[in-house]
Structures are given as structure tokens and as C-alpha cells.
Amino acid sequence: MTISTLTITRPDDWHLHLRDGEALEAVVGHSARQFARAIVMPNLKPPVTTTEQALAYRERILAALRKGGAQASSFTPLMTLYLTDNTDPEEILRARDSGAVHAVKLYPAGATTNSDAGVTDLLGRCARVLETMEKVGMPLLAHGEVTDPAIDVFDREKVFIDRVMMPLRRAFPALKVVFEHITTADAAQYVRDAEGPIAATITPQHLLYNRNALFQGGMRPHWYCLPVLKRETHRQALVEVATSGNPRFFLGTDSAPHARGLKEHACGCAGCFTGLHAMALYATAFEAAGKLDALEAFASFHGPDFYGLPRNTGTLRLEREAFSIPDELPFGQQTIVPLAGGETLPWRVST
Ligand code: DOR
Ligand code: ZN
């Protein structure tokens, strides 16, 4: 029997790029329509490295929500700090005491958009910070790719497990770690089987597409993100763990808006914009796997449980009604192309 509506506990997005200024104003309402909370990435220019900056950014997000006509109280940005080689352990204590900063993001230097200030040698440079995080229960969110140019771009996540993730977790076994936007069977298996407090977020694009999508009929920059889409066997492994009910896997869109001109470019930016239609995309992926009944736990329970936050009390309703993804949306002075723009999804979020 095919169901026509699906009502779930209001979900959260545990990995989101909201940007700043006009871009922020253009995208934040889309997330707020679907999600009660989001873990907001700190890779602004310059990056959000202090609690003070995170609190100021939080105010700008709330102001953008109000400007867009949303009730600021209906969406809670959960702030993060950008880890650098020079992060002071005291900053972790300030972050914890703020009550507004919920995690610290690890970008290996040079791994992705605005990661130049990232970490060059995690255990060598950040041991005291990691120790403090472990002690106070502050999660580390890892962009899990090595940056070694000798490593094939499709192998960078797998190599990260051996070179960074395993030594890190041996040194700090009680540190909470989220392996962000996993893209491989290797990462799925590692997170499923590892000991201690580890979890992973999974994006809609990595559940719906394999790397063929990047080249179907020509180069398609709006499917390009980092870590890049992998081959079909990896997609299947991600669908398997996402829909398995295992509480270590939860929703994180990694919606990463870039203006159309910067995507359709000789050196196009990495990032898929899914903020508009994230829940419809996830519902489509879960239904294709015959696991719609597993969507609520993935989207609404596992994340807050891992972060030690209360589950939401409201609901979100999805309807089986064709949703035509627009070709583009306003984005300040420019436009933005949503993932799969021009295509149709079988689900939409009720208004
Ligand atoms: O595709 C990506 N885009 N991956 C990231 O890690 C960063 C993000 C961005 O900020 O654009
Ligand atoms: Zn991201």
C-alpha cells in the first residue's frame, strides 16, 4: 500500500551552511520551514573561531529569519567553532559555558571551501584542545578527507579513517565524534562497528546519486560537492545504514549554497544546495529503499540523542504530491540552482 501523507516529529539538520549577509537572508527561511534546529557550519570568511564570533553570527541568523518574516523562535541555530592549529583550550570552555555553541568543526587545511585556516596536524597541534573537548563533552565534527595530493580524490575519505580517525579515537576514546557527510561503504562500516561515542551524518545527494550523476550528458556542476559522490556500491551502503534504524546515523544535509556563476565556472565551487527541498529528497531516497518508516528516527531522533539535546515536540507533514524543483532561486543579487533543479520529486512538505 502506498501512503499519501507522512507525519513525523519535526526534524533537525545536523550539518548546514547558512553563509552570511544577503546569502544568509536568501536561504535561512528554507531550512526553517522544515527543521526546528540546525548545526550551523563555521566556514565563513573569516571563519568563526571564537565563541564571541559564534554568538554574533547567531544573532545575524536570527535577524535574517525575522527579516524574512519567519518567527525567529521557530528555528534554533546551533553554533559551531572552526578548529585551527591555534585554538585555545580556554575557548572550548567559553563555548561550553555559552550554551549556544554545540560543537567544534575540523577542516583539514585545504580540504574544501574556506578551509585554508583549518588544521595542519590534528594530534600534533590540537591535543590540548581535544583533551578539553573530551572532558567537557564537546563533539568534534570531522570533515573526513585527507588533503594529501598523492591520494586519489575518490580515496580521500577511506584514507582519512586510517590516518586520522583511528589515531584520534585511540588517543581520545571518550571524545564525541561525528564523521560528517560520509560517502563510502568504508566510513559506514567504520562508524557502525567502532567502539565509543561516534556517529555520522549523511546528505540527501549521497543517498540518491552516485558519481555518474556528475557526468550524465555532460559535466553537471550542481552535483559537485565534497566529499565527491562515489560509485554505486558506496551509495547502496549509505542507504543501508541510513535506513537501518542504527542510532549512529542521522540527517545532515550539508546544504552548501554557492551563486550560480560560481558553480558554472572554470573552477566551480563544491556544494549542493538542498536547503529548499531537503526533506522531500530524503523521503524520496527512503521510499526508494522501501524504508519510509525509518525516516523519522534518522531525521528527528538520532541526532538529538547523540548531541544530548531534547527531541522536538512539533511535527512535520510530508505529502505525496509532485514537487517541481525550481530551476533557480533568488540569492541576493544573483541566483542559486537547487540540486536537481527542473526535476520533479514525488514528495513535498505540507505548508
Ligand atoms: O561541498 C562542500 N561544500 N563541501 C564542504 O565541505 C564545504 C561546503 C561549502 O562550504 O561550500
Ligand atoms: Zn559542510
# chains A, B, ... in the order shown; residues from 1 in each chain; ligands from 1

call {"tool": "closest_atom_pairs", "arguments": {"of": "chain A", "to": "ligand 2", "cutoff": "7 Å", "atoms": "only C-alpha atoms and all ligand atoms", "output": "JSON lines"}}
result
{"residue": "A:His15", "atom": "CA", "partner": "ligand 2", "partner_atom_place_in_ligand_line": "1 (Zn)", "distance": 6.3}
{"residue": "A:Leu16", "atom": "CA", "partner": "ligand 2", "partner_atom_place_in_ligand_line": "1 (Zn)", "distance": 6.3}
{"residue": "A:His17", "atom": "CA", "partner": "ligand 2", "partner_atom_place_in_ligand_line": "1 (Zn)", "distance": 6.3}
{"residue": "A:Met41", "atom": "CA", "partner": "ligand 2", "partner_atom_place_in_ligand_line": "1 (Zn)", "distance": 6.6}
{"residue": "A:Asp254", "atom": "CA", "partner": "ligand 2", "partner_atom_place_in_ligand_line": "1 (Zn)", "distance": 4.5}
{"residue": "A:Ala256", "atom": "CA", "partner": "ligand 2", "partner_atom_place_in_ligand_line": "1 (Zn)", "distance": 6.6}

call {"tool": "residues_around", "arguments": {"residues": "Arg156 in chain A", "least_positions_apart": "2", "cutoff": "9 Å", "atoms": "only C-alpha atoms", "output": "list in words"}}
result
Gly144, Glu145, Val146, Thr147, Asp148, Ile151, Asp152, Val153, Phe154, Lys158, Val159, Phe160, Ile161 and Pro227 of chain A

call {"tool": "closest_residue", "arguments": {"among": "A:Phe215, A:Tyr209, A:Tyr282, A:Phe273", "to": "Gly341 in chain A", "atoms": "only C-alpha atoms"}}
result
A:Phe273

call {"tool": "select_by_dssp", "arguments": {"residues": "range 84-254 of chain A", "states": "alpha helix (DSSP H)", "output": "PyMOL selection string"}}
result
chain A and resi 89-98+122-125+127-136+156-160+166-171+185-193+204-208+232-242

call {"tool": "closest_residue", "arguments": {"among": "A:Pro257, A:Pro46, A:Pro197, A:Gly271", "to": "ligand 1", "atoms": "only C-alpha atoms and all ligand atoms"}}
result
A:Gly271

call {"tool": "closest_residue", "arguments": {"among": "A:Leu140, A:Leu238, A:Pro108, A:His206", "to": "Ala185 in chain A", "atoms": "only C-alpha atoms"}}
result
A:Leu238

call {"tool": "atom_distance", "arguments": {"atom1": "CA of Met138 in chain A", "atom2": "CA of Phe172 in chain A"}}
result
12.3 Å

call {"tool": "closest_atom_pairs", "arguments": {"of": "chain A", "to": "ligand 1", "cutoff": "9 Å", "atoms": "only C-alpha atoms and all ligand atoms", "output": "Markdown table"}}
result
| residue | atom | partner | partner_atom_place_in_ligand_line | distance |
| --- | --- | --- | --- | --- |
| A:Leu16 | CA | ligand 1 | 10 (O) | 8.8 |
| A:His17 | CA | ligand 1 | 10 (O) | 6.1 |
| A:Leu18 | CA | ligand 1 | 10 (O) | 8.9 |
| A:Arg19 | CA | ligand 1 | 10 (O) | 8.2 |
| A:Met41 | CA | ligand 1 | 10 (O) | 7.8 |
| A:Pro42 | CA | ligand 1 | 10 (O) | 8.9 |
| A:Asn43 | CA | ligand 1 | 10 (O) | 6.3 |
| A:Leu44 | CA | ligand 1 | 10 (O) | 8.1 |
| A:Tyr107 | CA | ligand 1 | 6 (O) | 7.9 |
| A:Ala111 | CA | ligand 1 | 6 (O) | 7.4 |
| A:Thr112 | CA | ligand 1 | 6 (O) | 5.1 |
| A:Thr113 | CA | ligand 1 | 10 (O) | 4.8 |
| A:Asn114 | CA | ligand 1 | 10 (O) | 6.8 |
| A:Ser115 | CA | ligand 1 | 7 (C) | 8.2 |
| A:His143 | CA | ligand 1 | 6 (O) | 6.5 |
| A:Glu180 | CA | ligand 1 | 6 (O) | 8.9 |
| A:His181 | CA | ligand 1 | 6 (O) | 8.4 |
| A:Tyr224 | CA | ligand 1 | 1 (O) | 6.8 |
| A:Cys225 | CA | ligand 1 | 1 (O) | 3.4 |
| A:Leu226 | CA | ligand 1 | 1 (O) | 3.8 |
| A:Pro227 | CA | ligand 1 | 4 (N) | 6.2 |
| A:Val228 | CA | ligand 1 | 1 (O) | 7.5 |
| A:Asp254 | CA | ligand 1 | 8 (C) | 6.9 |
| A:Ser255 | CA | ligand 1 | 3 (N) | 7.7 |
| A:Ala256 | CA | ligand 1 | 11 (O) | 4.6 |
| A:Pro257 | CA | ligand 1 | 11 (O) | 6.4 |
| A:His258 | CA | ligand 1 | 11 (O) | 6.8 |
| A:Cys269 | CA | ligand 1 | 11 (O) | 6.8 |
| A:Ala270 | CA | ligand 1 | 1 (O) | 4.0 |
| A:Gly271 | CA | ligand 1 | 1 (O) | 3.3 |
| A:Cys272 | CA | ligand 1 | 1 (O) | 6.4 |

call {"tool": "closest_residue", "arguments": {"among": "A:His30, A:Ala117, A:Arg94, A:Arg58", "to": "Lys45 in chain A", "atoms": "only C-alpha atoms"}}
result
A:Ala117

call {"tool": "residues_around", "arguments": {"residues": "range 297-303 of chain A", "least_positions_apart": "6", "cutoff": "8 Å", "atoms": "only C-alpha atoms", "output": "PyMOL selection string"}}
result
chain A and resi 8-14+242-243+245+247-251+311-312

call {"tool": "atom_distance", "arguments": {"atom1": "CA of Arg231 in chain A", "atom2": "CA of Trp347 in chain A"}}
result
25.6 Å

call {"tool": "closest_residue", "arguments": {"among": "A:Leu55, A:Ala283, A:Val27, A:Val178", "to": "Pro330 in chain A", "atoms": "only C-alpha atoms"}}
result
A:Val27

call {"tool": "atom_distance", "arguments": {"atom1": "CA of Gly218 in chain A", "atom2": "CA of Gly268 in chain A"}}
result
14.6 Å

call {"tool": "closest_residue", "arguments": {"among": "A:Val119, A:Val239, A:Val101, A:Ala36", "to": "Ala56 in chain A", "atoms": "only C-alpha atoms"}}
result
A:Val101

call {"tool": "decode", "arguments": {"residues": "range 101-112 of chain A", "atoms": "N, CA, C and O atoms", "output": "PDB file, in the first residue's frame"}}
result
ATOM      1  N   VAL A 101      26.967  27.265  21.682  1.00  0.00           N
ATOM      2  CA  VAL A 101      27.921  26.576  20.807  1.00  0.00           C
ATOM      3  C   VAL A 101      27.888  25.094  21.153  1.00  0.00           C
ATOM      4  O   VAL A 101      28.109  24.708  22.302  1.00  0.00           O
ATOM      5  N   HIS A 102      27.626  24.262  20.151  1.00  0.00           N
ATOM      6  CA  HIS A 102      27.357  22.851  20.420  1.00  0.00           C
ATOM      7  C   HIS A 102      28.405  21.897  19.872  1.00  0.00           C
ATOM      8  O   HIS A 102      28.311  20.686  20.116  1.00  0.00           O
ATOM      9  N   ALA A 103      29.369  22.406  19.111  1.00  0.00           N
ATOM     10  CA  ALA A 103      30.365  21.501  18.545  1.00  0.00           C
ATOM     11  C   ALA A 103      31.516  22.314  17.967  1.00  0.00           C
ATOM     12  O   ALA A 103      31.429  23.536  17.827  1.00  0.00           O
ATOM     13  N   VAL A 104      32.586  21.593  17.629  1.00  0.00           N
ATOM     14  CA  VAL A 104      33.769  22.200  17.015  1.00  0.00           C
ATOM     15  C   VAL A 104      34.035  21.451  15.718  1.00  0.00           C
ATOM     16  O   VAL A 104      34.028  20.216  15.692  1.00  0.00           O
ATOM     17  N   LYS A 105      34.258  22.220  14.640  1.00  0.00           N
ATOM     18  CA  LYS A 105      34.399  21.605  13.315  1.00  0.00           C
ATOM     19  C   LYS A 105      35.859  21.484  12.913  1.00  0.00           C
ATOM     20  O   LYS A 105      36.614  22.467  12.960  1.00  0.00           O
ATOM     21  N   LEU A 106      36.219  20.297  12.497  1.00  0.00           N
ATOM     22  CA  LEU A 106      37.564  20.050  11.972  1.00  0.00           C
ATOM     23  C   LEU A 106      37.530  20.073  10.446  1.00  0.00           C
ATOM     24  O   LEU A 106      36.881  19.234   9.810  1.00  0.00           O
ATOM     25  N   TYR A 107      38.213  21.051   9.867  1.00  0.00           N
ATOM     26  CA  TYR A 107      38.505  21.036   8.434  1.00  0.00           C
ATOM     27  C   TYR A 107      39.992  20.796   8.280  1.00  0.00           C
ATOM     28  O   TYR A 107      40.796  21.661   8.672  1.00  0.00           O
ATOM     29  N   PRO A 108      40.397  19.669   7.735  1.00  0.00           N
ATOM     30  CA  PRO A 108      41.811  19.548   7.401  1.00  0.00           C
ATOM     31  C   PRO A 108      42.168  20.691   6.442  1.00  0.00           C
ATOM     32  O   PRO A 108      41.415  20.973   5.511  1.00  0.00           O
ATOM     33  N   ALA A 109      43.275  21.385   6.691  1.00  0.00           N
ATOM     34  CA  ALA A 109      43.628  22.569   5.901  1.00  0.00           C
ATOM     35  C   ALA A 109      43.609  22.231   4.417  1.00  0.00           C
ATOM     36  O   ALA A 109      44.241  21.272   3.978  1.00  0.00           O
ATOM     37  N   GLY A 110      42.851  23.009   3.651  1.00  0.00           N
ATOM     38  CA  GLY A 110      42.813  22.833   2.205  1.00  0.00           C
ATOM     39  C   GLY A 110      41.835  21.782   1.710  1.00  0.00           C
ATOM     40  O   GLY A 110      41.741  21.545   0.509  1.00  0.00           O
ATOM     41  N   ALA A 111      41.049  21.168   2.602  1.00  0.00           N
ATOM     42  CA  ALA A 111      40.175  20.071   2.165  1.00  0.00           C
ATOM     43  C   ALA A 111      38.996  20.561   1.320  1.00  0.00           C
ATOM     44  O   ALA A 111      38.530  19.860   0.437  1.00  0.00           O
ATOM     45  N   THR A 112      38.496  21.793   1.613  1.00  0.00           N
ATOM     46  CA  THR A 112      37.267  22.204   0.945  1.00  0.00           C
ATOM     47  C   THR A 112      37.084  23.708   1.046  1.00  0.00           C
ATOM     48  O   THR A 112      38.009  24.429   1.418  1.00  0.00           O
TER      49      THR A 112
END
